[in-house]
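Asks: Structure supplied as my_file_21.txt; contents: compact mmCIF, C-alpha atoms.
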# COMPACT_ATOMS: atom_id res chain seq x y z
CA MET N 1 131.01 0.99 -75.31
CA GLN N 2 133.23 2.63 -77.91
CA ASP N 3 130.37 5.00 -78.72
CA GLU N 4 130.71 6.62 -75.32
CA GLN N 5 134.38 7.47 -75.84
CA PRO N 6 135.54 10.96 -76.81
CA LEU N 7 135.71 11.57 -80.52
CA LYS N 8 138.93 10.55 -82.23
CA PRO N 9 140.96 13.12 -84.14
CA ALA N 10 139.62 13.14 -87.70
CA ASN N 11 142.97 12.59 -89.39
CA ILE N 12 144.22 9.95 -86.97
CA LEU N 13 145.82 7.79 -89.64
CA ASN N 14 147.79 10.78 -90.94
CA ILE N 15 149.02 11.53 -87.42
CA VAL N 16 150.23 7.96 -86.88
CA ALA N 17 151.86 7.91 -90.34
CA THR N 18 153.63 11.20 -89.57
CA ASN N 19 154.97 9.77 -86.32
CA GLN N 20 156.10 6.61 -88.10
CA GLY N 21 158.01 8.63 -90.68
CA LYS N 22 155.67 7.65 -93.52
CA ARG N 23 154.41 11.20 -94.03
CA PRO N 24 156.44 14.42 -94.00
CA LEU N 25 157.08 15.93 -90.59
CA THR N 26 156.82 19.71 -90.34
CA ALA N 27 160.11 20.82 -88.81
CA LYS N 28 159.70 24.58 -88.59
CA LEU N 29 156.70 26.69 -87.74
CA PRO N 30 154.67 26.48 -90.92
CA VAL N 31 154.13 29.82 -92.62
CA ALA N 32 151.04 29.97 -94.76
CA GLU N 33 150.56 32.28 -97.69
CA ALA N 34 148.74 35.60 -97.30
CA LEU N 35 145.99 35.54 -99.90
CA SER N 36 144.15 38.44 -101.55
CA PRO N 37 140.34 38.39 -101.63
CA GLN N 38 140.48 37.48 -105.33
CA GLN N 39 142.83 34.57 -104.66
CA VAL N 40 140.56 33.36 -101.87
CA GLU N 41 137.53 33.55 -104.15
CA ASP N 42 139.35 31.59 -106.86
CA LEU N 43 140.45 28.89 -104.40
CA ILE N 44 136.90 28.53 -103.05
CA GLU N 45 135.83 27.94 -106.66
CA GLU N 46 138.39 25.13 -106.76
CA GLY N 47 136.85 23.54 -103.67
CA HIS N 48 138.90 24.93 -100.80
CA ALA N 49 137.09 25.18 -97.46
CA VAL N 50 137.11 28.43 -95.48
CA VAL N 51 137.62 28.26 -91.71
CA ASP N 52 136.70 31.51 -89.99
CA ALA N 53 138.47 31.50 -86.63
CA ARG N 54 136.88 34.64 -85.20
CA SER N 55 134.29 34.84 -82.44
CA SER N 56 130.71 33.83 -83.15
CA ALA N 57 129.59 37.47 -82.83
CA GLU N 58 132.15 38.61 -85.40
CA PHE N 59 131.31 35.69 -87.65
CA GLY N 60 127.62 36.52 -87.35
CA ALA N 61 128.23 40.13 -88.35
CA GLY N 62 129.63 39.12 -91.73
CA HIS N 63 131.61 36.23 -93.19
CA ILE N 64 132.58 34.63 -96.47
CA PRO N 65 129.64 32.54 -97.76
CA ARG N 66 129.87 28.84 -96.81
CA ALA N 67 132.67 29.46 -94.29
CA TYR N 68 132.90 27.26 -91.20
CA ASN N 69 133.10 29.14 -87.91
CA ILE N 70 135.63 27.41 -85.65
CA GLN N 71 136.88 29.83 -83.04
CA LEU N 72 140.59 30.07 -82.33
CA SER N 73 139.57 30.84 -78.75
CA SER N 74 138.19 27.30 -78.42
CA SER N 75 140.48 24.94 -76.52
CA GLU N 76 139.83 22.34 -79.21
CA PHE N 77 140.48 24.57 -82.21
CA GLU N 78 142.61 22.21 -84.26
CA GLN N 79 140.53 19.15 -83.33
CA ARG N 80 137.39 20.93 -84.45
CA VAL N 81 139.00 21.93 -87.73
CA GLY N 82 139.79 18.25 -88.28
CA TRP N 83 136.30 17.11 -87.36
CA VAL N 84 134.36 19.70 -89.29
CA THR N 85 136.25 20.23 -92.56
CA PRO N 86 136.10 17.47 -95.18
CA ASP N 87 139.02 15.02 -95.10
CA GLU N 88 142.08 16.17 -97.00
CA SER N 89 140.36 19.38 -98.09
CA SER N 90 142.52 22.44 -98.44
CA ILE N 91 141.75 25.13 -95.90
CA ILE N 92 141.79 28.91 -96.09
CA LEU N 93 141.83 30.71 -92.76
CA VAL N 94 140.10 33.93 -91.81
CA ALA N 95 141.19 35.44 -88.51
CA ASP N 96 141.09 38.71 -86.58
CA SER N 97 144.65 39.50 -87.61
CA ASN N 98 147.48 37.98 -89.60
CA GLU N 99 149.11 37.10 -86.27
CA ASP N 100 146.01 35.14 -85.26
CA ALA N 101 146.07 33.38 -88.61
CA GLN N 102 149.62 32.25 -87.83
CA ARG N 103 148.46 31.03 -84.41
CA CYS N 104 145.81 28.95 -86.15
CA ILE N 105 148.43 27.36 -88.37
CA TYR N 106 150.70 26.76 -85.38
CA ASN N 107 147.87 24.92 -83.60
CA THR N 108 147.06 22.76 -86.60
CA ALA N 109 150.69 21.59 -86.73
CA PHE N 110 150.17 19.71 -83.45
CA ILE N 111 147.89 17.25 -85.26
CA ALA N 112 149.47 17.26 -88.73
CA LEU N 113 146.71 19.37 -90.23
CA ASP N 114 149.04 22.23 -91.18
CA SER N 115 149.69 20.60 -94.54
CA ASN N 116 146.00 21.14 -95.33
CA VAL N 117 146.24 24.90 -94.80
CA ALA N 118 146.59 26.66 -98.15
CA GLY N 119 146.80 30.15 -96.70
CA PHE N 120 144.90 32.89 -94.98
CA LEU N 121 142.90 35.92 -96.05
CA ASN N 122 145.42 38.77 -95.81
CA ASP N 123 144.25 41.49 -93.39
CA GLY N 124 141.09 39.58 -92.59
CA ILE N 125 137.44 40.11 -93.36
CA ASP N 126 137.69 43.92 -93.78
CA ASN N 127 139.84 43.31 -96.81
CA TRP N 128 137.19 40.93 -98.21
CA MET N 129 134.33 43.33 -97.55
CA GLY N 130 136.29 46.30 -98.88
CA SER N 131 136.83 44.54 -102.19
CA GLY N 132 133.09 44.24 -102.68
CA LYS N 133 132.86 40.46 -102.26
CA PRO N 134 129.60 38.93 -100.99
CA VAL N 135 129.10 38.27 -97.27
CA GLU N 136 126.60 36.27 -95.27
CA THR N 137 125.43 37.09 -91.76
CA ILE N 138 124.01 35.05 -88.86
CA SER N 139 121.42 36.58 -86.55
CA GLN N 140 122.23 36.44 -82.86
CA ILE N 141 119.44 36.05 -80.33
CA ASP N 142 119.69 36.65 -76.60
CA VAL N 143 118.00 34.30 -74.15
CA ASN N 144 115.25 36.77 -73.18
CA SER N 145 114.16 37.23 -76.80
CA LEU N 146 114.41 33.49 -77.28
CA GLN N 147 112.15 32.84 -74.29
CA ASP N 148 109.58 35.28 -75.69
CA ARG N 149 109.62 33.84 -79.16
CA LEU N 150 109.32 30.23 -78.01
CA SER N 151 105.82 30.94 -76.79
CA THR N 152 104.75 33.35 -79.53
CA ASP N 153 105.94 32.25 -82.95
CA GLY N 154 107.04 28.63 -82.80
CA LEU N 155 110.79 29.18 -83.07
CA GLN N 156 112.47 25.76 -82.79
CA VAL N 157 115.62 25.10 -80.73
CA LEU N 158 118.53 22.80 -81.56
CA ASP N 159 121.00 22.02 -78.75
CA VAL N 160 124.39 20.86 -80.09
CA ARG N 161 126.28 20.17 -76.85
CA SER N 162 127.58 16.77 -75.65
CA ASP N 163 125.36 14.03 -74.19
CA GLU N 164 126.61 14.78 -70.68
CA GLU N 165 125.87 18.48 -70.95
CA TRP N 166 122.40 17.75 -72.34
CA ASP N 167 121.64 15.30 -69.54
CA GLU N 168 122.66 17.82 -66.88
CA GLY N 169 120.04 20.29 -68.01
CA HIS N 170 118.37 21.46 -71.21
CA MET N 171 115.38 23.42 -72.47
CA ASP N 172 112.26 21.28 -72.48
CA THR N 173 111.35 22.14 -76.07
CA ALA N 174 114.85 21.72 -77.50
CA ARG N 175 115.99 18.98 -79.90
CA PHE N 176 119.37 17.46 -79.28
CA MET N 177 122.09 16.63 -81.77
CA THR N 178 125.73 17.11 -80.88
CA TYR N 179 127.40 19.39 -83.43
CA THR N 180 129.93 16.84 -84.59
CA SER N 181 127.06 14.56 -85.66
CA LEU N 182 126.01 17.17 -88.18
CA VAL N 183 129.21 16.59 -90.14
CA PRO N 184 128.87 14.06 -92.96
CA GLN N 185 132.38 12.54 -92.67
CA LEU N 186 131.91 11.53 -89.05
CA ASP N 187 128.64 9.80 -89.43
CA ASN N 188 127.91 8.81 -92.96
CA PRO N 189 125.14 9.49 -93.88
CA ALA N 190 125.11 12.48 -91.59
CA LYS N 191 122.55 12.55 -88.83
CA ILE N 192 121.69 16.00 -90.08
CA ASP N 193 119.10 14.24 -92.26
CA GLU N 194 117.28 13.15 -89.10
CA LEU N 195 116.42 16.71 -88.17
CA PRO N 196 112.64 17.05 -88.44
CA TRP N 197 112.58 20.47 -90.03
CA THR N 198 112.29 21.88 -93.52
CA LEU N 199 114.99 24.23 -94.75
CA ASP N 200 112.55 27.13 -94.23
CA GLN N 201 112.07 26.48 -90.52
CA TYR N 202 113.22 29.17 -88.08
CA ILE N 203 115.72 27.51 -85.73
CA ALA N 204 117.72 28.86 -82.79
CA VAL N 205 120.91 26.87 -82.18
CA THR N 206 122.46 26.72 -78.73
CA CYS N 207 125.44 25.19 -76.91
CA ALA N 208 127.13 26.08 -73.61
CA THR N 209 128.41 29.55 -74.52
CA GLY N 210 127.65 30.18 -78.19
CA LYS N 211 130.78 28.85 -79.90
CA ARG N 212 129.85 25.34 -80.95
CA SER N 213 126.37 26.57 -81.88
CA SER N 214 127.94 28.99 -84.33
CA THR N 215 130.01 26.12 -85.75
CA ALA N 216 126.82 24.07 -86.06
CA ILE N 217 125.06 26.96 -87.79
CA SER N 218 127.87 27.23 -90.32
CA ILE N 219 127.40 23.53 -91.10
CA LEU N 220 123.60 23.81 -91.29
CA ARG N 221 123.90 26.87 -93.51
CA ARG N 222 125.91 24.86 -96.01
CA GLN N 223 123.11 22.29 -96.05
CA GLY N 224 120.61 24.94 -97.05
CA TYR N 225 118.90 25.91 -93.77
CA LYS N 226 117.88 29.53 -94.27
CA HIS N 227 116.69 30.92 -90.94
CA LEU N 228 119.16 30.24 -88.16
CA TYR N 229 119.81 32.13 -84.95
CA ASN N 230 122.83 31.79 -82.70
CA VAL N 231 121.87 31.92 -79.02
CA THR N 232 124.32 34.39 -77.50
CA GLY N 233 125.81 33.14 -74.25
CA GLY N 234 124.19 29.74 -74.83
CA MET N 235 122.83 27.62 -72.01
CA GLU N 236 125.03 29.40 -69.48
CA ALA N 237 123.11 32.58 -70.22
CA TRP N 238 119.79 30.69 -70.21
CA LYS N 239 120.60 29.28 -66.78
CA ASN N 240 121.83 32.62 -65.42
CA ALA N 241 118.61 34.27 -66.59
CA GLY N 242 116.73 31.81 -64.39
CA PHE N 243 114.82 30.06 -67.19
CA LYS N 244 113.63 26.50 -66.83
CA LEU N 245 115.94 23.52 -67.38
CA ILE N 246 115.07 19.82 -67.28
CA ASP N 247 117.42 16.91 -66.69
CA ALA N 248 117.81 13.57 -68.45
CA ALA N 249 114.86 12.10 -66.54
CA GLY N 250 112.62 15.02 -67.48
CA ASN N 251 112.66 16.58 -64.01
CA ILE N 252 113.06 20.30 -63.53
CA CYS N 253 116.62 21.19 -62.49
CA LYS N 254 116.99 23.18 -59.30
CA VAL N 255 119.47 26.00 -59.80
CA MET U 1 166.78 13.74 -59.37
CA TRP U 2 164.46 16.35 -60.79
CA PHE U 3 161.09 15.72 -62.45
CA GLU U 4 158.90 18.15 -64.42
CA THR U 5 155.51 17.86 -66.12
CA LEU U 6 155.01 19.94 -69.26
CA ILE U 7 151.37 20.19 -70.32
CA ARG U 8 149.85 21.68 -73.42
CA GLU U 9 146.73 23.13 -71.87
CA GLU U 10 144.72 23.15 -75.09
CA THR U 11 144.76 19.39 -75.45
CA GLY U 12 145.77 18.13 -72.00
CA CYS U 13 148.77 16.30 -73.48
CA ALA U 14 151.52 15.79 -70.90
CA ALA U 15 155.22 15.39 -71.61
CA TYR U 16 157.67 14.64 -68.81
CA MET U 17 161.29 15.49 -68.15
CA ILE U 18 163.50 13.66 -65.69
CA GLY U 19 167.06 14.56 -64.86
CA CYS U 20 169.99 13.88 -62.59
CA GLN U 21 171.49 17.02 -61.02
CA ARG U 22 174.77 15.27 -60.35
CA THR U 23 175.53 14.38 -63.96
CA GLY U 24 173.56 17.22 -65.56
CA GLU U 25 171.75 14.81 -67.88
CA CYS U 26 168.04 14.57 -68.54
CA ALA U 27 165.47 12.67 -70.56
CA VAL U 28 162.27 13.81 -72.30
CA PHE U 29 159.30 11.46 -72.52
CA ASP U 30 156.65 12.01 -75.22
CA PRO U 31 157.52 15.54 -76.39
CA LEU U 32 154.98 17.39 -78.55
CA TRP U 33 155.57 19.02 -81.92
CA ASP U 34 156.67 22.39 -80.51
CA ILE U 35 159.95 21.45 -78.84
CA GLN U 36 160.88 24.84 -77.43
CA PRO U 37 159.42 24.20 -73.94
CA TYR U 38 161.73 21.19 -73.47
CA ILE U 39 164.80 23.09 -74.63
CA ASP U 40 163.88 25.92 -72.25
CA MET U 41 163.32 23.55 -69.34
CA ALA U 42 166.67 21.81 -69.88
CA LYS U 43 168.35 25.21 -69.90
CA GLU U 44 166.57 26.24 -66.70
CA LYS U 45 167.75 23.00 -65.05
CA GLU U 46 171.26 23.48 -66.47
CA SER U 47 170.92 20.04 -68.00
CA THR U 48 171.70 18.43 -71.31
CA ILE U 49 168.93 16.44 -72.99
CA ARG U 50 170.53 13.04 -73.34
CA TYR U 51 167.57 10.78 -74.15
CA ILE U 52 164.38 11.49 -76.07
CA ILE U 53 161.83 8.74 -75.68
CA ASP U 54 158.53 8.19 -77.49
CA SER U 55 156.15 5.76 -75.80
CA HIS U 56 154.56 4.76 -79.10
CA SER U 57 153.54 6.12 -82.49
CA HIS U 58 150.99 8.60 -81.21
CA ALA U 59 147.61 8.84 -82.86
CA ASP U 60 146.38 12.10 -81.36
CA HIS U 61 149.30 14.45 -81.86
CA VAL U 62 152.51 14.89 -83.79
CA SER U 63 155.55 13.82 -81.80
CA GLY U 64 158.41 16.27 -81.35
CA ALA U 65 160.93 13.52 -80.56
CA ARG U 66 162.69 13.48 -83.92
CA LEU U 67 162.67 17.28 -84.11
CA LEU U 68 164.23 17.47 -80.67
CA ALA U 69 166.89 14.88 -81.51
CA ASP U 70 167.71 16.71 -84.76
CA SER U 71 167.82 20.02 -82.95
CA ILE U 72 169.86 19.24 -79.85
CA GLY U 73 171.44 15.88 -80.66
CA GLY U 74 170.03 13.64 -77.91
CA GLU U 75 169.56 9.93 -78.44
CA LEU U 76 166.20 9.07 -79.98
CA ILE U 77 164.63 6.03 -78.34
CA LEU U 78 161.56 4.12 -79.50
CA PRO U 79 159.91 0.84 -78.62
CA GLU U 80 161.21 -2.30 -80.32
CA LEU U 81 157.86 -2.88 -82.02
CA ALA U 82 157.27 0.64 -83.37
CA GLU U 83 156.82 0.58 -87.15
CA ILE U 84 159.07 3.49 -88.01
CA THR U 85 160.97 4.38 -91.15
CA TYR U 86 163.71 6.39 -89.42
CA GLU U 87 166.72 5.48 -87.28
CA ALA U 88 166.29 5.18 -83.53
CA THR U 89 167.61 3.16 -80.61
CA ARG U 90 165.08 0.42 -79.89
CA VAL U 91 164.14 -0.68 -76.39
CA LYS U 92 162.16 -3.65 -75.07
CA HIS U 93 160.52 -4.76 -71.83
CA GLY U 94 162.99 -4.78 -68.94
CA ASP U 95 165.64 -2.57 -70.54
CA LEU U 96 167.16 0.02 -68.20
CA ILE U 97 168.38 3.50 -69.11
CA LYS U 98 170.65 5.06 -66.46
CA MET U 99 171.53 8.69 -65.87
CA GLY U 100 173.66 9.03 -62.73
CA GLY U 101 171.35 8.24 -59.81
CA VAL U 102 168.28 7.90 -62.03
CA GLY U 103 167.00 4.71 -63.64
CA LEU U 104 164.37 4.46 -66.36
CA GLU U 105 163.03 0.93 -66.75
CA ILE U 106 161.09 0.05 -69.90
CA VAL U 107 157.72 -1.60 -69.28
CA HIS U 108 155.99 -2.94 -72.39
CA VAL U 109 152.22 -2.33 -72.20
CA PRO U 110 150.53 -3.29 -75.48
CA GLY U 111 146.87 -2.46 -75.99
CA HIS U 112 146.45 1.10 -77.19
CA ARG U 113 149.21 0.40 -79.66
CA PRO U 114 151.09 -2.93 -79.89
CA GLU U 115 154.45 -1.22 -79.29
CA GLN U 116 153.54 1.03 -76.38
CA ILE U 117 156.02 1.34 -73.52
CA ASN U 118 155.88 2.99 -70.11
CA LEU U 119 158.78 4.30 -68.03
CA LEU U 120 159.19 3.02 -64.50
CA VAL U 121 161.40 5.56 -62.78
CA TYR U 122 163.94 4.91 -60.00
CA ASP U 123 165.74 7.46 -57.88
CA TYR U 124 168.50 5.28 -56.43
CA PRO U 125 169.68 7.61 -53.65
CA ARG U 126 166.07 7.50 -52.43
CA GLY U 127 165.75 3.69 -52.46
CA ASP U 128 165.69 0.59 -54.59
CA ASP U 129 161.93 0.60 -55.22
CA PRO U 130 160.56 2.52 -58.19
CA TRP U 131 159.21 5.99 -57.37
CA PHE U 132 156.72 6.52 -60.19
CA ILE U 133 155.58 5.32 -63.58
CA LEU U 134 154.87 7.37 -66.70
CA THR U 135 151.91 5.60 -68.23
CA ALA U 136 151.53 7.55 -71.51
CA ASP U 137 148.27 6.38 -73.14
CA PHE U 138 148.04 3.17 -71.10
CA VAL U 139 146.64 4.21 -67.73
CA MET U 140 144.87 7.55 -67.51
CA VAL U 141 142.74 9.36 -64.97
CA GLY U 142 140.02 6.87 -64.15
CA ASP U 143 140.52 4.83 -67.30
CA VAL U 144 142.78 2.56 -69.30
CA ALA U 145 144.02 2.61 -72.88
CA ARG U 146 141.69 2.82 -75.83
CA PRO U 147 142.50 -0.12 -78.12
CA ASP U 148 140.02 1.23 -80.69
CA LEU U 149 141.84 4.38 -81.69
CA ALA U 150 144.77 3.57 -83.88
CA GLN U 151 143.73 0.01 -84.73
CA ALA U 152 140.69 -2.29 -84.61
CA GLY U 153 139.48 -2.31 -81.00
CA GLU U 154 138.69 -5.99 -80.57
CA GLU U 155 142.11 -7.32 -81.58
CA ASP U 156 144.20 -5.70 -78.90
CA ALA U 157 141.72 -5.59 -76.04
CA PRO U 158 142.69 -9.12 -74.81
CA ILE U 159 146.41 -8.32 -74.64
CA LEU U 160 145.59 -5.12 -72.76
CA PHE U 161 143.75 -7.08 -70.09
CA ASP U 162 145.97 -10.20 -70.06
CA THR U 163 149.44 -8.64 -70.22
CA SER U 164 149.51 -4.91 -69.65
CA ILE U 165 147.08 -4.41 -66.79
CA PRO U 166 148.62 -7.26 -64.68
CA ARG U 167 152.07 -5.68 -65.20
CA PHE U 168 150.68 -2.44 -63.88
CA LEU U 169 148.88 -4.03 -60.94
CA ASP U 170 152.04 -5.92 -59.93
CA LEU U 171 153.88 -2.68 -59.17
CA PRO U 172 154.40 -1.77 -55.52
CA ASP U 173 151.39 0.13 -54.12
CA CYS U 174 153.36 3.28 -53.40
CA VAL U 175 154.38 3.84 -57.03
CA GLU U 176 152.96 7.13 -58.27
CA VAL U 177 151.22 7.27 -61.64
CA TYR U 178 151.66 10.05 -64.21
CA PRO U 179 149.53 9.68 -67.35
CA GLY U 180 150.19 11.14 -70.80
CA HIS U 181 146.80 12.82 -70.89
CA LEU U 182 145.05 14.93 -68.32
CA ALA U 183 141.92 15.50 -70.41
CA GLY U 184 140.36 14.72 -73.75
CA SER U 185 141.09 11.74 -75.92
CA THR U 186 144.39 9.96 -76.60
What do you get writing this file as structure tokens?

Replies:
Amino acid sequence: MQDEQPLKPANILNIVATNQGKRPLTAKLPVAEALSPQQVEDLIEEGHAVVDARSSAEFGAGHIPRAYNIQLSSSEFEQRVGWVTPDESSIILVADSNEDAQRCIYNTAFIALDSNVAGFLNDGIDNWMGSGKPVETISQIDVNSLQDRLSTDGLQVLDVRSDEEWDEGHMDTARFMTYTSLVPQLDNPAKIDELPWTLDQYIAVTCATGKRSSTAISILRRQGYKHLYNVTGGMEAWKNAGFKLIDAAGNICKV
Amino acid sequence: MWFETLIREETGCAAYMIGCQRTGECAVFDPLWDIQPYIDMAKEKESTIRYIIDSHSHADHVSGARLLADSIGGELILPELAEITYEATRVKHGDLIKMGGVGLEIVHVPGHRPEQINLLVYDYPRGDDPWFILTADFVMVGDVARPDLAQAGEEDAPILFDTSIPRFLDLPDCVEVYPGHLAGST
């Protein structure tokens, strides 16, 4: 029965300890350090994790290699940071603006994750790119192109939404694995190993609107998957385009 | 009496403020880390925050109770059984906090956490029966406490069903219920 419950915050013991007075309580709005591209690169070398809080489209257009994409616009931003980044790892933020970076830090303070934030990339990704540092990109695919390619070149689909969303309607050829299951710390060993594909497989990843799928892609990328596509607009777009959906029982959903 | 719900939309966490217009006092129940909304609300109501109450040592968010007490000087109140390292007034089942025509009765509801308390709220000019209960992480929309979150689930499930739920069910039928979460997980 506990398996059906919503996911716990990742750092739950730290939150309780903070509230019991056994861990420091952040009293003022935490201000993180503005870091130069060189400082960010050095900290990544030391094992810091990068959380890119921009939209999936912006992330796809160019990001720091191995960064996690967790959008500040998500209602669960700080929870997702906790779930996705390794426990106790130091975090460097990349955001649209320095103000957005501060908003990220503000949000993390609500669950005692602010102490993990080492700083943010000053002036965002343009600063990184302008200094000649390497970037990675993620291809975006719209639902019409996806529909075409499913029948022509064997593109595989991974759906990373929740069980309930999957049961309500999904693509008949899609594989299902909720994005949080891809993270090693939540499910050790990670279920990611159960995916049936080689690292060379071409895979389109989808969720409801394209946010969690981009997060999932950033996790899969770190595991070595080379050819990943983010489905823009996700299953909402798929549904609105009038493409076929099936429910948990395998019946075609009437829209 | 006045009563306000303050929700952080991102997480669905609800804090509550209750005050007595006559005495200009109010209480805050389960404030979140950013305490500004409570200070603003007290100002809007022309009230002084007199009591700051945490239902338990929360596992899903950082409490703003100590910050609020340090900032505005209200009395910090925690359950008798809370394992805390800082100073606070401790309350137990049946204790009553009064602010003018308002009464806040402590109801101990172990399960989610062993120390968890609820507030049963009376508006005496309105009548002698309680008006509503603030259930924190004990009773939520369509569900009861998760004993598996901040401790091993099996240990505290029996006390949840044997002690806490009967206490809740014994309340008069007309008592309104205000949970500490409107969405997501506790």

Asks: Extract, using all atoms listed in the file, all DNA, RNA and protein residues at most 9 Å from region 137-150 of chain U, discarding same-chain residues fewer than 2 positions from it, and format them as a ChimeraX atom specification.

Replies: /N:2,5,8,12-13,16 /U:55-56,58-60,109-113,116-118,134-135,152-157,160,164-165,168,177-183,185-186

Asks: Between CA of Tyr229 (chain N) and CA of Gly82 (chain N), measure the distance and give it in Å to one decimal.

Replies: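 These atoms are spaced 24.6 Å apart.
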
Asks: List every residue of chain N that has an atom at most 7 Å from any atom of chain U, giving for each one its closest atom pair and the distance in Å to one decimal, counting only C-alpha atoms, sorted by chain and then by ascending residue number, as JSON lines.

Replies:
{"residue": "N:Pro6", "atom": "CA", "partner": "U:Ser185", "partner_atom": "CA", "distance": 5.7}
{"residue": "N:Lys8", "atom": "CA", "partner": "U:Ser185", "partner_atom": "CA", "distance": 6.8}
{"residue": "N:Pro9", "atom": "CA", "partner": "U:Asp60", "partner_atom": "CA", "distance": 6.2}
{"residue": "N:Ile12", "atom": "CA", "partner": "U:Ala59", "partner_atom": "CA", "distance": 5.4}
{"residue": "N:Ile15", "atom": "CA", "partner": "U:Ala59", "partner_atom": "CA", "distance": 5.5}
{"residue": "N:Val16", "atom": "CA", "partner": "U:Ala59", "partner_atom": "CA", "distance": 4.9}
{"residue": "N:Thr18", "atom": "CA", "partner": "U:Val62", "partner_atom": "CA", "distance": 6.9}
{"residue": "N:Asn19", "atom": "CA", "partner": "U:Ser57", "partner_atom": "CA", "distance": 5.5}
{"residue": "N:Gln20", "atom": "CA", "partner": "U:Ile84", "partner_atom": "CA", "distance": 4.3}
{"residue": "N:Gly21", "atom": "CA", "partner": "U:Thr85", "partner_atom": "CA", "distance": 5.2}
{"residue": "N:Lys22", "atom": "CA", "partner": "U:Thr85", "partner_atom": "CA", "distance": 6.7}
{"residue": "N:Ala27", "atom": "CA", "partner": "U:Leu67", "partner_atom": "CA", "distance": 6.4}
{"residue": "N:Ser75", "atom": "CA", "partner": "U:Glu10", "partner_atom": "CA", "distance": 4.8}
{"residue": "N:Glu76", "atom": "CA", "partner": "U:Glu10", "partner_atom": "CA", "distance": 6.4}
{"residue": "N:Phe110", "atom": "CA", "partner": "U:Val62", "partner_atom": "CA", "distance": 5.4}
{"residue": "N:Ile111", "atom": "CA", "partner": "U:His61", "partner_atom": "CA", "distance": 4.6}
{"residue": "N:Ala112", "atom": "CA", "partner": "U:Val62", "partner_atom": "CA", "distance": 6.3}

Asks: Keeping C-alpha atoms for every residue in the selection just given, could you write it to a file as a PDB file, in the frame of the given file?

Replies:
ATOM      1  CA  PRO N   6     135.540  10.960 -76.810  1.00  0.00           C
ATOM      2  CA  LYS N   8     138.930  10.550 -82.230  1.00  0.00           C
ATOM      3  CA  PRO N   9     140.960  13.120 -84.140  1.00  0.00           C
ATOM      4  CA  ILE N  12     144.220   9.950 -86.970  1.00  0.00           C
ATOM      5  CA  ILE N  15     149.020  11.530 -87.420  1.00  0.00           C
ATOM      6  CA  VAL N  16     150.230   7.960 -86.880  1.00  0.00           C
ATOM      7  CA  THR N  18     153.630  11.200 -89.570  1.00  0.00           C
ATOM      8  CA  ASN N  19     154.970   9.770 -86.320  1.00  0.00           C
ATOM      9  CA  GLN N  20     156.100   6.610 -88.100  1.00  0.00           C
ATOM     10  CA  GLY N  21     158.010   8.630 -90.680  1.00  0.00           C
ATOM     11  CA  LYS N  22     155.670   7.650 -93.520  1.00  0.00           C
ATOM     12  CA  ALA N  27     160.110  20.820 -88.810  1.00  0.00           C
ATOM     13  CA  SER N  75     140.480  24.940 -76.520  1.00  0.00           C
ATOM     14  CA  GLU N  76     139.830  22.340 -79.210  1.00  0.00           C
ATOM     15  CA  PHE N 110     150.170  19.710 -83.450  1.00  0.00           C
ATOM     16  CA  ILE N 111     147.890  17.250 -85.260  1.00  0.00           C
ATOM     17  CA  ALA N 112     149.470  17.260 -88.730  1.00  0.00           C
TER      18      ALA N 112
END

Asks: What does the distance from CA of Thr206 (chain N) to CA of Lys239 (chain N) come to in Å, to one decimal?

Replies: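 Those two atoms sit 12.4 Å apart.
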
Asks: Tell me which of N:Ser139, N:Thr180, N:Thr232, N:Leu93 sits closest to Leu7 (chain N), counting all atoms listed in the file.

Replies: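 Of the candidates, the smallest distance to Leu7 (chain N) is held by N:Thr180.
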
Asks: Tell me, as a PyMOL selection string, which residues lie within 10 Å of Cys174 (chain U), counting all atoms listed in the file; anything in the same chain fewer than 2 positions away does not count.

Replies: chain U and resi 129-132+171-172+176-177

Asks: May I ask for the distance between CA of Tyr51 (chain U) and CA of Thr26 (chain N), given in Å to one decimal place?

Replies: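 Atom-to-atom, CA of Tyr51 (chain U) to CA of Thr26 (chain N), that is 21.4 Å.
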
Asks: Residues near Leu121 (chain N), anyone? I mean within 7 Å using all atoms listed in the file, not counting same-chain ones fewer than 3 positions away, as a PyMOL selection string.

Replies: chain N and resi 34-37+40+93-94+124

Asks: Just checking: using only C-alpha atoms, which residue out of U:Phe29, U:Gly24, U:Ile106, U:Ile159 ends up closest to Glu4 (chain U)?

Replies: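 Result for the nearest residue to Glu4 (chain U): U:Phe29.
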
Asks: With distances taken over all atoms listed in the file, which of N:Lys133, N:Arg80, N:Lys254, N:Lys226 is nearest to Val183 (chain N)?

Replies: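 Nearest to Val183 (chain N): N:Arg80.
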
Asks: Which of these residues is nearest to Ala249 (chain N), using all atoms listed in the file: N:Ser218, N:Leu228, N:Glu168, N:Met177?

Replies: N:Glu168

Asks: Fewer than 2 positions away in the same chain doesn't count, so skip those; otherwise give me all residues within 10 Å of region 196-204 of chain N, counting only C-alpha atoms, as a PyMOL selection string.

Replies: chain N and resi 139-141+146+150+153-159+174-175+192-194+206+213+217+220-221+223-231

Asks: So which residues touch Ala27 (chain U) within 8 Å, counting all atoms listed in the file, skipping near sequence neighbours fewer than 2 positions away, as a list in words?

Replies: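 My reading of the contact set: Met17, Ile18, Gly19, Glu25, Phe29, Ile49, Arg50, Tyr51, Ile52 and Ile53 of chain U.
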
Asks: (179.4, 9.8, -58.6) in this file's frame - what residues fall within 9 Å of it? Use only C-alpha atoms and give the answer as a ChimeraX atom specification.

Replies: /U:22-23,100-101
